[in-house]
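Enquirer: Here you go, one structure.
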Amino acid sequence: MPSGVKTKIYEFLAQNKGKEYAAEEIAKMVGIEKVAIVKAQLTRLTREGKVERTAEGRYRAK
């Protein structure tokens with residue numbers, strides 16, 4: 001399940017390039033109930049260089 005979640009998150013952010021979202025917003029938009037799962041995947045995507053975290057703790061696609 002997590003790899004599919006990671007793909008959903010990345011695709012959502014990539015489709016909304018230039019916009020920033022909080023983890024809670026991303027979870028709601030991709031239909032994931034547990035924000036902790038979204039945060040874990042965002043951390044992985046950040047490490048992979050696909051997503052960046054802003055100073056406000058929001059995320060966006062690179």
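Chain lettering (A, B, ...) mirrors the order of the structure tokens, residue numbering begins at 1 for each chain separately, and ligand numbering begins at 1 in order of display.
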Would you mind writing down, as a ChimeraX atom specification, each residue of chain A that DSSP on the backbone assigns to strand (DSSP E)?

Expert: /A:51-53,59-61

Enquirer: I need the residues of chain A that end up classed as helix (DSSP H, G or I) by DSSP on the backbone, written out as number ranges by chain.

Expert: A: 2-15, 23-30, 35-47

Enquirer: Would you mind reading off the distance between CA of Lys6 (chain A) and CA of Glu24 (chain A), one decimal, in Å?

Expert: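 These atoms are spaced 14.6 Å apart.
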
Enquirer: Quick one: of A:Lys62, A:Glu48, A:Gly4, A:Ala40, who's nearest to Ala23 (chain A), counting only C-alpha atoms?

Expert: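 Among A:Lys62, A:Glu48, A:Gly4, A:Ala40, it is A:Ala40 that comes nearest to Ala23 (chain A).
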
Enquirer: Have a look at A:Lys28, A:Leu45, A:Lys50, A:Ala61 and name the one nearest to Gln15 (chain A); count only C-alpha atoms.

Expert: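 Once distances to Gln15 (chain A) are computed over only C-alpha atoms, the minimum belongs to A:Ala61.
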
Enquirer: Nearest to Arg58 (chain A): which of A:Ile9, A:Ala14, A:Ala22, A:Leu42 is it, counting only C-alpha atoms?

Expert: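 Closest to Arg58 (chain A) of all the choices is A:Ala22.
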
Enquirer: Name the closest residue to Lys39 (chain A) among the candidates A:Val51, A:Lys8, A:Ala27, A:Glu56; distances are taken between atoms, counting only C-alpha atoms.

Expert: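 Looking only at the distances to Lys39 (chain A), the closest residue turns out to be A:Ala27.
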
Enquirer: Nearest to Tyr59 (chain A): which of A:Gln41, A:Tyr10, A:Asn16, A:Tyr21 is it, counting only C-alpha atoms?

Expert: A:Tyr21

Enquirer: Identify which of the residues A:Lys19, A:Gly57, A:Met29, A:Phe12 lies closest to Thr43 (chain A), counting only C-alpha atoms when measuring atom-to-atom distances.

Expert: A:Gly57
